[in-house]
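Colleague: The structure's right below; bear with me while I get my questions together.
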Amino acid sequence: MFEQPSAADPPNVTDPPAAPIRPRMRRLRRWMIVILAGFVALLGVVAVFWFSNSPKLPSGPVRLVRGHDGRLVPASGAEDQRGAWLEVQAGKLAAQDTFSSSSGEIRSGPARFACRRLAIFNRSNRLLLQRAGAELPEQFAQLGFIEQVDYHPHGVQCEEGLAAPDVVIVLDLVKLEESVTLLSRKLEVEISVTAGNSIASSRAGYTDHLTPPVLCFHWEGTLRHRSTTTGLESSAAKYKLAAADVAKQIGDALVKQFRQWHEKDGPLPELPEVFYPPYEQPPPLPFLDAYEAKRLTACHGLMNHNETFWQLATDAATADVLTGVQRQMESAGWRTSDISTEQTKLPHLRMTCEGAVLEVFPPRRRDARPPQTFTGGQPGAPPEATTFYVRYLDRMTQAELTDAIERTFSDDVSSDVLLLFEQSWSQDQRQRVLEILKTRRPTTCEAWLALAGLHHDLKQVAEARDALVRAQTLLRTVGNQGDLPNRIRQLAKKLGDEKLAEVEPDPAIFAELGFVELKPGVEVPPIELALNEPAHFFWRADAKLATLSVSAVREASPGGAAQYQLVHVKSFRGGRSWGQGTHIAQEEPERLAPPPNLSVSLDGLGHAEITVVKLPGKKRFRLSTTLILPEDEAEEDEAKEEGS
C-alpha cells in the first residue's frame with residue numbers, strides 16, 4: 001500500500017540552484033588586493049622619491065652669460081637633467097645671519113676695477129653649500145657690468161688653458177651643526193668666502209712696471225647662519241630654504257663691495273686683444289711631485305701667458321718647505337727675490353726666472369686647512385698638516401708690452417686705454433702720447449692730468465699749468481675722486497704754484513671743455529650721448545659758478561634685465577653731491593612726453609628736469625633738459641592748489 005501525502009507535508013519539489021556567491025567574492029577580493037597593492041606600490045614610489053631622491057644640482061661647470069635681454073642665462077641653454085625627481089617644500093624659514101668681512105687693496109699707478117667675468121669655486125661637498133653655491137651666480141644679475149659667471153661645483157677640475165676670470169670667488173664650509181625633528185630642522189653654520197684677482201694670493205704683495213693696470217685686492221668674509229625650518233620637505237628639497245638665504249647673504253655682501261670698487265676706481269675699459277697673449281704651458285717644477293701637489297687652475301690673462309695654481313698639504317714645518325723649494329729651484333736656474341720663513345712675518349717665497357715668477361705661501365685664513373683625522377696637541381700625535389699654494393706666473397716681457405702699446409697707436413684706441421699703461425711707456429712713446437692727447441683734446445680730469453704731467457716732463461711749464469687748470473676744472477665732475485686731488489696737488493707743487501690745485505673755475509674754460517650754460521629764458525638743445533659719456537652744464541648763482549654732469553650708465557634691474565640709469569654729479573660752493581635717477585626708457589614714446597628721469601635743484605637758479613631715452617639699435621641716448629625757474633615753480637604750485 002502506498003501512503004498518500006498529507007496536505008500538511010510540502011511537495012517534494014527540488015529548488016533551483018542558488019547563484020554562485022563564492023566566485024563573485026573571490027573576484028571582488030582580487031580587485032581589492034590589486035587596488036591595495038597599487039596603492040601600496042604608489043606609496044612606495046612616492047616614499048622612494050620623498051626620502052631617497054637627491055636634489056637637482058649641477059654635476060659639472062655652469063656658465064651664465066648676459067643675454068640679449070640683459071639677463072644672465074645658461075650659455076648652452078640646457079640644464080643638467082637627472083631624470084624624475086620630487087622636490088616638495090611646505091614650510092617656512094626663520095633665520096639669523098651675521099656677516100663680517102675685511103679687504104686689502106693694492107694700486108700701482110692707474111688702476112681700474114676689472115669685474116666683467118666671475119668664477120665661483122665651491123670647496124665643500126656638503127649639500128647645504130652645494131645648493132647655495134648653485135644659486136649664487138644668479139645673485140650677480142643685478143650688476144649690469146658683469147657679463148659672465150662660471151660656477152665650479154666641488155670636485156670639478158677646471159679646464160686648462162682658458163682665459164682667466166677677472167674675479168675668483170671661493171666658498172668653503174667651516175662648520176655645520178644641525179638637529180632634526182619630525183617637522184623642524186635647526187642649523188648653525190659658518191661659511192668662509194674669499195674673493196680676489198685669482199684663486200689665492202699671498203699676504204706679501206709686489207707690483208712693478210709689468211703689473212696689469214687693475215685693482216689688486218683680496219676680500220674675505222665669514223657668514224654665520226642660524227635658522228629653523230618648520231614644515232614638510234622631501235629629501236630633494238633638503239636645505240632648500242636655508243640655502244636660498246645663504247646664497248642671498250653672500251651675494252648681497254659681494255654685490256655691495258663690487259659696487260663700491262666699481263664706483264671708486266671705475267671699470268677697466270675693453271682692451272685690445274694684443275694685451276692678452278696666448279696660453280703657454282708651465283715648465284716642470286720638480287718639487288710638485290714630491291708633495292703630490294694638486295693643480296687648481298691653469299689659464300692665461302691680461303699681460304700674462306700663464307697663471308697656474310697648485311695646492312699641496314704637508315706636515316713639514318713652514319720654514320723647511322720654503323727653504324727646500326728654494327734650494328731645488330735655485331739649482332734649476334731660478335733666483336730668489338724674497339723669502340720669509342717666520343710665521344709672524346708673512347711667510348712666503350718669491351723667485352724669478354727671466355719673465356716668470358714663482359710664489360709659495362700658506363693660506364691667508366687660519367681655517368683654510370684640509371680636514372684632519374687626528375687631534376693635535378695629544379702626546380705622540382702627529383703635527384697638523386698645513387696647506388700651501390704654489391703660483392706660477394709667466395708675464396709679458398717688457399719688449400712684448402712695449403710692442404703691444406705700439407700697436408695701440410695704429411689701432412687708434414681711446415685715450416683711456418693709452419693712459420692705463422703710462423708707467424710702461426718708452427721715452428718715444430711718451431712723446432707720441434703727448435701729441436695724441438693734444439690732437440684729441442682730453443675730455444676727462446685724468447686725461448688732462450696725464451697731459452699736464454707729460455708737459456712737465458718735457459719742461460714745458462706753461463703748457464703743463466694750462467693742462468693742470470683744466471684737470472682741476474673737470475675734477476668737480478667726478479663723483480668718487482679717489483687720489484685725483486692728491487695727484488693734482490703734487491703736480492701743482494712740482495710746478496711751483498700750489499694754488500693751481502684750488503683755482504676758481506673760469507666760464508671761458510667751461511665753454512672750451514664743452515659745458516652748456518643754463519640761463520633763464522634760453523632753451524637747452526637736446527644732446528646725443530654714448531654710454532658713459534657725460535653731458536656737462538654750468539650756471540651762475542650768487543656770483544659763483546656751479547656745475548652739473550649727467551651720464552647714462554648700464555645697470556641691471558633686480559630681475560637681471562638690461563636697463564640704463566642716469567648718474568649725476570653736482571658741484572656748488574665747494575661741495576659736491578651725486579646720485580642716480582630712474583631707469584631710462586628703452587625707446588622714445590611717439591605722443592606722450594616721458595616723465596623726467598632726473599630732477600635736480602640748481603641752487604640759486606631753479607631746478608632742471610632731465611629726460612633721457614635710448615635710441616633704437618645702438619647704445620646711444622638723447623638727453624633733453626628743461627629749466628624750471630622759481631616763478632614757474634610758483635605758477636605750478638598755484639595750479640595744483642586750484643585743481644585740488
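Just remember, in the C-alpha cells the first chain shown is A, the second B, etc., residues are 1-based per chain, and ligands are 1-based in the order shown.
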Might you pull out every residue within 6 Å of region 543-556 of chain A, with only C-alpha atoms counted and same-chain residues fewer than 2 positions away left off, and present them as a count of residues only?
Modeller: 28
Colleague: Would you list the contacts of Leu173 (chain A) as a list of chain:residue names, taking every protein, DNA or RNA residue within 9 Å and counting only C-alpha atoms, but skipping same-chain residues closer than 2 positions in sequence?
Modeller: A:Arg123, A:Ser124, A:Asn125, A:Arg126, A:Leu128, A:Leu129, A:Leu171, A:Lys175, A:Leu176, A:Val189, A:Glu190, A:Ile191, A:Ser192, A:Val193
Colleague: Please save all heavy atoms of the selected residues as a compact mmCIF listing (two decimals), in the first residue's frame.
Modeller:
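Now in result_17.txt:
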```txt
# COMPACT_ATOMS: atom_id res chain seq x y z
N ARG A 123 84.47 74.65 -2.48
CA ARG A 123 85.42 73.69 -1.91
C ARG A 123 84.75 72.66 -1.01
O ARG A 123 85.42 71.78 -0.48
CB ARG A 123 86.50 74.43 -1.12
CG ARG A 123 87.37 75.33 -1.98
CD ARG A 123 88.48 75.96 -1.16
NE ARG A 123 89.34 74.94 -0.57
CZ ARG A 123 90.36 75.22 0.24
NH1 ARG A 123 90.63 76.48 0.54
NH2 ARG A 123 91.09 74.25 0.74
N SER A 124 83.44 72.77 -0.81
CA SER A 124 82.74 71.86 0.11
C SER A 124 81.81 70.93 -0.67
O SER A 124 81.16 71.34 -1.62
CB SER A 124 81.92 72.66 1.13
OG SER A 124 81.15 71.80 1.94
N ASN A 125 81.76 69.67 -0.23
CA ASN A 125 80.83 68.72 -0.83
C ASN A 125 79.57 68.54 0.00
O ASN A 125 78.76 67.66 -0.29
CB ASN A 125 81.50 67.36 -1.04
CG ASN A 125 81.97 66.75 0.28
OD1 ASN A 125 81.86 67.37 1.34
ND2 ASN A 125 82.49 65.54 0.23
N ARG A 126 79.39 69.35 1.04
CA ARG A 126 78.18 69.27 1.86
C ARG A 126 77.01 69.86 1.09
O ARG A 126 77.12 70.86 0.39
CB ARG A 126 78.37 70.01 3.19
CG ARG A 126 79.51 69.46 4.05
CD ARG A 126 79.23 68.04 4.51
NE ARG A 126 78.09 67.97 5.40
CZ ARG A 126 78.19 68.07 6.73
NH1 ARG A 126 79.36 68.26 7.31
NH2 ARG A 126 77.11 67.98 7.49
N LEU A 128 74.33 71.55 1.83
CA LEU A 128 73.88 72.92 2.05
C LEU A 128 74.66 73.90 1.17
O LEU A 128 74.06 74.74 0.47
CB LEU A 128 74.05 73.29 3.52
CG LEU A 128 73.78 74.77 3.84
CD1 LEU A 128 72.33 75.14 3.58
CD2 LEU A 128 74.17 75.09 5.29
N LEU A 129 75.98 73.79 1.16
CA LEU A 129 76.78 74.74 0.39
C LEU A 129 76.74 74.41 -1.10
O LEU A 129 76.89 75.30 -1.94
CB LEU A 129 78.22 74.76 0.89
CG LEU A 129 79.01 76.02 0.51
CD1 LEU A 129 78.29 77.27 0.97
CD2 LEU A 129 80.41 75.99 1.09
N LEU A 171 84.20 79.44 -2.02
CA LEU A 171 83.30 79.14 -0.91
C LEU A 171 83.82 77.92 -0.15
O LEU A 171 84.29 76.95 -0.76
CB LEU A 171 81.89 78.83 -1.42
CG LEU A 171 81.26 79.83 -2.40
CD1 LEU A 171 79.91 79.30 -2.87
CD2 LEU A 171 81.10 81.19 -1.75
N LYS A 175 81.83 75.17 9.43
CA LYS A 175 81.12 74.45 10.50
C LYS A 175 79.67 74.26 10.10
O LYS A 175 79.07 75.16 9.50
CB LYS A 175 81.20 75.24 11.81
CG LYS A 175 80.51 74.56 12.99
CD LYS A 175 80.61 75.39 14.26
CE LYS A 175 79.64 76.55 14.24
NZ LYS A 175 79.57 77.26 15.54
N LEU A 176 79.11 73.09 10.43
CA LEU A 176 77.69 72.83 10.24
C LEU A 176 77.21 71.93 11.37
O LEU A 176 77.66 70.79 11.52
CB LEU A 176 77.40 72.18 8.89
CG LEU A 176 75.91 72.05 8.50
CD1 LEU A 176 75.75 72.08 7.00
CD2 LEU A 176 75.30 70.76 9.05
N VAL A 189 75.55 77.35 11.11
CA VAL A 189 76.51 77.19 10.02
C VAL A 189 77.49 78.35 10.01
O VAL A 189 77.13 79.49 10.32
CB VAL A 189 75.77 77.15 8.65
CG1 VAL A 189 76.75 76.96 7.50
CG2 VAL A 189 74.73 76.04 8.66
N GLU A 190 78.73 78.05 9.66
CA GLU A 190 79.74 79.08 9.42
C GLU A 190 80.38 78.82 8.06
O GLU A 190 80.86 77.71 7.80
CB GLU A 190 80.81 79.08 10.52
CG GLU A 190 81.83 80.19 10.36
CD GLU A 190 82.82 80.25 11.51
OE1 GLU A 190 82.42 79.89 12.65
OE2 GLU A 190 83.98 80.62 11.28
N ILE A 191 80.37 79.82 7.22
CA ILE A 191 80.86 79.69 5.83
C ILE A 191 81.90 80.77 5.58
O ILE A 191 81.68 81.94 5.92
CB ILE A 191 79.71 79.82 4.82
CG1 ILE A 191 78.70 78.69 5.03
CG2 ILE A 191 80.22 79.82 3.39
CD1 ILE A 191 77.42 78.86 4.25
N SER A 192 83.02 80.38 5.00
CA SER A 192 84.04 81.36 4.62
C SER A 192 83.92 81.66 3.13
O SER A 192 83.66 80.77 2.32
CB SER A 192 85.44 80.83 4.94
OG SER A 192 85.82 79.81 4.06
N VAL A 193 84.11 82.92 2.79
CA VAL A 193 84.03 83.39 1.41
C VAL A 193 85.25 84.27 1.14
O VAL A 193 85.54 85.17 1.92
CB VAL A 193 82.75 84.20 1.15
CG1 VAL A 193 82.59 84.53 -0.33
CG2 VAL A 193 81.52 83.48 1.67
```
Colleague: Pick out the residues sitting within 9 Å of His456 (chain A), and hand them over as a PyMOL selection string; count only C-alpha atoms, and ignore anything fewer than 4 positions along from it in its own chain.
Modeller: chain A and resi 451-452+460-465+491+494-495
Colleague: Just the selected residues (N, CA, C and O atoms), exported as an mmCIF file, in the first residue's frame, please.
Modeller:
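Result file follows (selection_4.cif):
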```cif
data_model
loop_
_atom_site.group_PDB
_atom_site.id
_atom_site.type_symbol
_atom_site.label_atom_id
_atom_site.label_comp_id
_atom_site.auth_asym_id
_atom_site.auth_seq_id
_atom_site.Cartn_x
_atom_site.Cartn_y
_atom_site.Cartn_z
ATOM 1 N N LEU A 451 98.218 114.708 -19.397
ATOM 2 C CA LEU A 451 98.800 115.647 -20.344
ATOM 3 C C LEU A 451 99.663 116.679 -19.620
ATOM 4 O O LEU A 451 100.766 117.030 -20.083
ATOM 5 N N ALA A 452 99.192 117.142 -18.468
ATOM 6 C CA ALA A 452 99.992 118.083 -17.686
ATOM 7 C C ALA A 452 101.301 117.453 -17.238
ATOM 8 O O ALA A 452 102.362 118.096 -17.264
ATOM 9 N N GLN A 460 107.916 121.853 -20.297
ATOM 10 C CA GLN A 460 107.002 122.813 -20.920
ATOM 11 C C GLN A 460 106.052 123.314 -19.826
ATOM 12 O O GLN A 460 104.928 122.848 -19.677
ATOM 13 N N VAL A 461 106.529 124.281 -19.043
ATOM 14 C CA VAL A 461 105.844 124.695 -17.825
ATOM 15 C C VAL A 461 104.504 125.348 -18.123
ATOM 16 O O VAL A 461 103.489 125.051 -17.475
ATOM 17 N N ALA A 462 104.459 126.274 -19.074
ATOM 18 C CA ALA A 462 103.210 126.980 -19.365
ATOM 19 C C ALA A 462 102.117 126.008 -19.809
ATOM 20 O O ALA A 462 100.963 126.089 -19.364
ATOM 21 N N GLU A 463 102.486 125.087 -20.703
ATOM 22 C CA GLU A 463 101.514 124.097 -21.171
ATOM 23 C C GLU A 463 101.066 123.185 -20.027
ATOM 24 O O GLU A 463 99.883 122.801 -19.940
ATOM 25 N N ALA A 464 102.009 122.839 -19.142
ATOM 26 C CA ALA A 464 101.662 121.991 -18.003
ATOM 27 C C ALA A 464 100.682 122.697 -17.078
ATOM 28 O O ALA A 464 99.725 122.093 -16.574
ATOM 29 N N ARG A 465 100.872 124.007 -16.851
ATOM 30 C CA ARG A 465 99.963 124.769 -15.989
ATOM 31 C C ARG A 465 98.563 124.836 -16.600
ATOM 32 O O ARG A 465 97.560 124.640 -15.906
ATOM 33 N N LEU A 491 101.416 117.659 -8.451
ATOM 34 C CA LEU A 491 101.934 118.251 -9.677
ATOM 35 C C LEU A 491 101.973 119.774 -9.574
ATOM 36 O O LEU A 491 102.916 120.423 -10.075
ATOM 37 N N LYS A 494 105.080 120.608 -7.840
ATOM 38 C CA LYS A 494 106.246 120.479 -8.716
ATOM 39 C C LYS A 494 106.367 121.677 -9.656
ATOM 40 O O LYS A 494 107.478 122.090 -10.007
ATOM 41 N N LEU A 495 105.225 122.227 -10.046
ATOM 42 C CA LEU A 495 105.235 123.374 -10.950
ATOM 43 C C LEU A 495 105.475 124.686 -10.206
ATOM 44 O O LEU A 495 105.527 125.756 -10.827
#
```
Colleague: Can you pull out every residue within 7 Å of region 478-487 of chain A, counting only C-alpha atoms, but drop anything in the same chain fewer than 3 positions away, and send it as an NGL selection string?
Modeller: :A and (263-264 or 475 or 490-491 or 569 or 578)
Colleague: Based on the selection just made, write all heavy atoms of those residues as a PDB file, in the first residue's frame.
Modeller:
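Written output follows (selection-v7.pdb):
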```pdb
ATOM      1  N   GLU A 263      82.504 102.049  -8.431  1.00  0.00           N
ATOM      2  CA  GLU A 263      82.310 103.487  -8.358  1.00  0.00           C
ATOM      3  C   GLU A 263      83.610 104.214  -8.009  1.00  0.00           C
ATOM      4  O   GLU A 263      83.877 105.310  -8.519  1.00  0.00           O
ATOM      5  CB  GLU A 263      81.233 103.819  -7.313  1.00  0.00           C
ATOM      6  CG  GLU A 263      79.846 103.316  -7.691  1.00  0.00           C
ATOM      7  CD  GLU A 263      78.833 103.517  -6.579  1.00  0.00           C
ATOM      8  OE1 GLU A 263      79.238 104.063  -5.511  1.00  0.00           O
ATOM      9  OE2 GLU A 263      77.664 103.128  -6.748  1.00  0.00           O
ATOM     10  N   LYS A 264      84.416 103.614  -7.140  1.00  0.00           N
ATOM     11  CA  LYS A 264      85.632 104.284  -6.672  1.00  0.00           C
ATOM     12  C   LYS A 264      86.734 104.278  -7.723  1.00  0.00           C
ATOM     13  O   LYS A 264      87.358 105.319  -7.979  1.00  0.00           O
ATOM     14  CB  LYS A 264      86.126 103.607  -5.391  1.00  0.00           C
ATOM     15  CG  LYS A 264      87.381 104.229  -4.809  1.00  0.00           C
ATOM     16  CD  LYS A 264      87.784 103.527  -3.524  1.00  0.00           C
ATOM     17  CE  LYS A 264      89.036 104.156  -2.925  1.00  0.00           C
ATOM     18  NZ  LYS A 264      89.441 103.482  -1.673  1.00  0.00           N
ATOM     19  N   LEU A 475      87.729 118.156 -12.340  1.00  0.00           N
ATOM     20  CA  LEU A 475      87.690 117.357 -11.112  1.00  0.00           C
ATOM     21  C   LEU A 475      86.322 117.448 -10.448  1.00  0.00           C
ATOM     22  O   LEU A 475      85.854 116.481  -9.841  1.00  0.00           O
ATOM     23  CB  LEU A 475      88.775 117.836 -10.146  1.00  0.00           C
ATOM     24  CG  LEU A 475      88.855 117.122  -8.793  1.00  0.00           C
ATOM     25  CD1 LEU A 475      89.223 115.651  -8.983  1.00  0.00           C
ATOM     26  CD2 LEU A 475      89.876 117.802  -7.886  1.00  0.00           C
ATOM     27  N   GLN A 490     100.152 117.397  -5.929  1.00  0.00           N
ATOM     28  CA  GLN A 490     101.564 117.062  -6.088  1.00  0.00           C
ATOM     29  C   GLN A 490     102.155 117.700  -7.339  1.00  0.00           C
ATOM     30  O   GLN A 490     103.272 118.243  -7.305  1.00  0.00           O
ATOM     31  CB  GLN A 490     101.727 115.539  -6.139  1.00  0.00           C
ATOM     32  CG  GLN A 490     101.474 114.840  -4.816  1.00  0.00           C
ATOM     33  CD  GLN A 490     101.589 113.328  -4.920  1.00  0.00           C
ATOM     34  OE1 GLN A 490     101.690 112.770  -6.009  1.00  0.00           O
ATOM     35  NE2 GLN A 490     101.569 112.657  -3.778  1.00  0.00           N
ATOM     36  N   LEU A 491     101.416 117.659  -8.451  1.00  0.00           N
ATOM     37  CA  LEU A 491     101.934 118.251  -9.677  1.00  0.00           C
ATOM     38  C   LEU A 491     101.973 119.774  -9.574  1.00  0.00           C
ATOM     39  O   LEU A 491     102.916 120.423 -10.075  1.00  0.00           O
ATOM     40  CB  LEU A 491     101.082 117.821 -10.876  1.00  0.00           C
ATOM     41  CG  LEU A 491     101.589 118.260 -12.255  1.00  0.00           C
ATOM     42  CD1 LEU A 491     103.048 117.866 -12.465  1.00  0.00           C
ATOM     43  CD2 LEU A 491     100.712 117.665 -13.352  1.00  0.00           C
ATOM     44  N   VAL A 569      76.504 114.264 -11.023  1.00  0.00           N
ATOM     45  CA  VAL A 569      77.391 114.868 -10.026  1.00  0.00           C
ATOM     46  C   VAL A 569      77.148 116.374 -10.060  1.00  0.00           C
ATOM     47  O   VAL A 569      77.234 116.997 -11.125  1.00  0.00           O
ATOM     48  CB  VAL A 569      78.878 114.570 -10.322  1.00  0.00           C
ATOM     49  CG1 VAL A 569      79.761 115.222  -9.256  1.00  0.00           C
ATOM     50  CG2 VAL A 569      79.133 113.077 -10.392  1.00  0.00           C
ATOM     51  N   TRP A 578      76.191 113.548  -5.472  1.00  0.00           N
ATOM     52  CA  TRP A 578      75.971 112.713  -6.648  1.00  0.00           C
ATOM     53  C   TRP A 578      74.970 111.617  -6.318  1.00  0.00           C
ATOM     54  O   TRP A 578      74.720 111.301  -5.154  1.00  0.00           O
ATOM     55  CB  TRP A 578      77.283 112.120  -7.166  1.00  0.00           C
ATOM     56  CG  TRP A 578      78.034 111.228  -6.213  1.00  0.00           C
ATOM     57  CD1 TRP A 578      77.914 109.877  -6.074  1.00  0.00           C
ATOM     58  CD2 TRP A 578      79.017 111.632  -5.259  1.00  0.00           C
ATOM     59  NE1 TRP A 578      78.769 109.418  -5.104  1.00  0.00           N
ATOM     60  CE2 TRP A 578      79.464 110.473  -4.593  1.00  0.00           C
ATOM     61  CE3 TRP A 578      79.582 112.856  -4.913  1.00  0.00           C
ATOM     62  CZ2 TRP A 578      80.436 110.498  -3.591  1.00  0.00           C
ATOM     63  CZ3 TRP A 578      80.550 112.887  -3.916  1.00  0.00           C
ATOM     64  CH2 TRP A 578      80.960 111.725  -3.275  1.00  0.00           C
TER      65      TRP A 578
END
```
Colleague: When you look at Glu307 (chain A) with a cut-off of 9 Å (counting only C-alpha atoms), what residues show up, excluding the ones that are within fewer than 4 positions of it in the same chain? I need them as a ChimeraX atom specification.
Modeller: /A:164,198,282,297-301,391-395
Colleague: Deliver the residues from the most recent selection as a file, using N, CA and C atoms, as a PDB file, in the first residue's frame.
Modeller:
```pdb
ATOM      1  N   ALA A 164      91.559  83.651 -18.138  1.00  0.00           N
ATOM      2  CA  ALA A 164      91.352  83.805 -16.700  1.00  0.00           C
ATOM      3  C   ALA A 164      90.172  84.713 -16.414  1.00  0.00           C
ATOM      4  N   SER A 198      92.669  86.247  -8.218  1.00  0.00           N
ATOM      5  CA  SER A 198      92.947  84.848  -8.541  1.00  0.00           C
ATOM      6  C   SER A 198      92.469  83.977  -7.393  1.00  0.00           C
ATOM      7  N   PRO A 282     103.332  75.700 -18.438  1.00  0.00           N
ATOM      8  CA  PRO A 282     104.379  75.997 -17.451  1.00  0.00           C
ATOM      9  C   PRO A 282     105.502  74.976 -17.551  1.00  0.00           C
ATOM     10  N   THR A 297      94.048  75.648 -10.971  1.00  0.00           N
ATOM     11  CA  THR A 297      93.693  76.367 -12.197  1.00  0.00           C
ATOM     12  C   THR A 297      94.937  76.525 -13.062  1.00  0.00           C
ATOM     13  N   ALA A 298      94.720  76.653 -14.363  1.00  0.00           N
ATOM     14  CA  ALA A 298      95.800  76.908 -15.318  1.00  0.00           C
ATOM     15  C   ALA A 298      95.198  77.715 -16.463  1.00  0.00           C
ATOM     16  N   CYS A 299      95.524  78.988 -16.537  1.00  0.00           N
ATOM     17  CA  CYS A 299      94.880  79.866 -17.504  1.00  0.00           C
ATOM     18  C   CYS A 299      95.859  80.944 -17.960  1.00  0.00           C
ATOM     19  N   HIS A 300      95.390  81.816 -18.828  1.00  0.00           N
ATOM     20  CA  HIS A 300      96.167  82.972 -19.253  1.00  0.00           C
ATOM     21  C   HIS A 300      95.250  84.182 -19.204  1.00  0.00           C
ATOM     22  N   GLY A 301      95.848  85.388 -19.092  1.00  0.00           N
ATOM     23  CA  GLY A 301      95.005  86.552 -18.923  1.00  0.00           C
ATOM     24  C   GLY A 301      95.699  87.829 -19.312  1.00  0.00           C
ATOM     25  N   ARG A 391     102.121  79.331  -6.938  1.00  0.00           N
ATOM     26  CA  ARG A 391     101.664  80.142  -8.062  1.00  0.00           C
ATOM     27  C   ARG A 391     102.809  80.326  -9.057  1.00  0.00           C
ATOM     28  N   TYR A 392     102.544  79.943 -10.300  1.00  0.00           N
ATOM     29  CA  TYR A 392     103.494  80.185 -11.382  1.00  0.00           C
ATOM     30  C   TYR A 392     102.886  81.212 -12.317  1.00  0.00           C
ATOM     31  N   LEU A 393     103.617  82.292 -12.596  1.00  0.00           N
ATOM     32  CA  LEU A 393     103.125  83.378 -13.428  1.00  0.00           C
ATOM     33  C   LEU A 393     104.150  83.694 -14.510  1.00  0.00           C
ATOM     34  N   ASP A 394     103.745  83.531 -15.757  1.00  0.00           N
ATOM     35  CA  ASP A 394     104.601  83.844 -16.907  1.00  0.00           C
ATOM     36  C   ASP A 394     104.091  85.136 -17.533  1.00  0.00           C
ATOM     37  N   ARG A 395     104.747  86.246 -17.227  1.00  0.00           N
ATOM     38  CA  ARG A 395     104.263  87.558 -17.656  1.00  0.00           C
ATOM     39  C   ARG A 395     104.821  87.947 -19.026  1.00  0.00           C
TER      40      ARG A 395
END
```
Colleague: Using only C-alpha atoms, can you tell me which of A:Phe515, A:Met303, A:Cys353, A:Leu268 comes closest to Pro283 (chain A)?
Modeller: A:Cys353
Colleague: Please measure the separation of CA of Glu609 (chain A) and CA of Ala530 (chain A), giving the value in Å to one decimal.
Modeller: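 So the answer is 19.9 Å.
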Colleague: What's the 8 Å shell around Glu280 (chain A), counting only C-alpha atoms, without same-chain residues fewer than 3 positions away, as a compact mmCIF listing (two decimals) with C-alpha atoms, in the first residue's frame?
Modeller:
```txt
# COMPACT_ATOMS: atom_id res chain seq x y z
CA GLY A 161 94.32 76.94 -20.97
CA HIS A 300 96.17 82.97 -19.25
CA HIS A 305 100.93 83.83 -20.90
CA ASN A 306 100.22 81.61 -17.95
```
Colleague: Pick the closest to Leu72 (chain A) from A:Ser415, A:Ser103, A:Gln139, A:Gln398: which is it, counting only C-alpha atoms?
Modeller: A:Gln139
Colleague: Find the residues around Ile405 (chain A) up to 8 Å (only C-alpha atoms counted), leave out those fewer than 3 positions away in its own chain, and share them as a PyMOL selection string.
Modeller: chain A and resi 401-402+408-409+418+421+425
Colleague: Could you pull out all residues of region 173-337 of chain A with a DSSP call of strand (DSSP E or B) and give them as a PyMOL selection string?
Modeller: chain A and resi 173-180+184-196+214+216-233+267+294-301+304-314+335-337
Colleague: In Å, how far is it from CA of Ala399 (chain A) to CA of Val357 (chain A)?
Modeller: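 We find that CA of Ala399 (chain A) and CA of Val357 (chain A) lie 17.1 Å from each other.
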Colleague: Taking the DSSP assignment computed from this structure's backbone, write out as a PyMOL selection string all residues of region 77-306 of chain A that belong to helix (DSSP H, G or I).
Modeller: chain A and resi 127-142+235-237+240-265+273-275+287-290
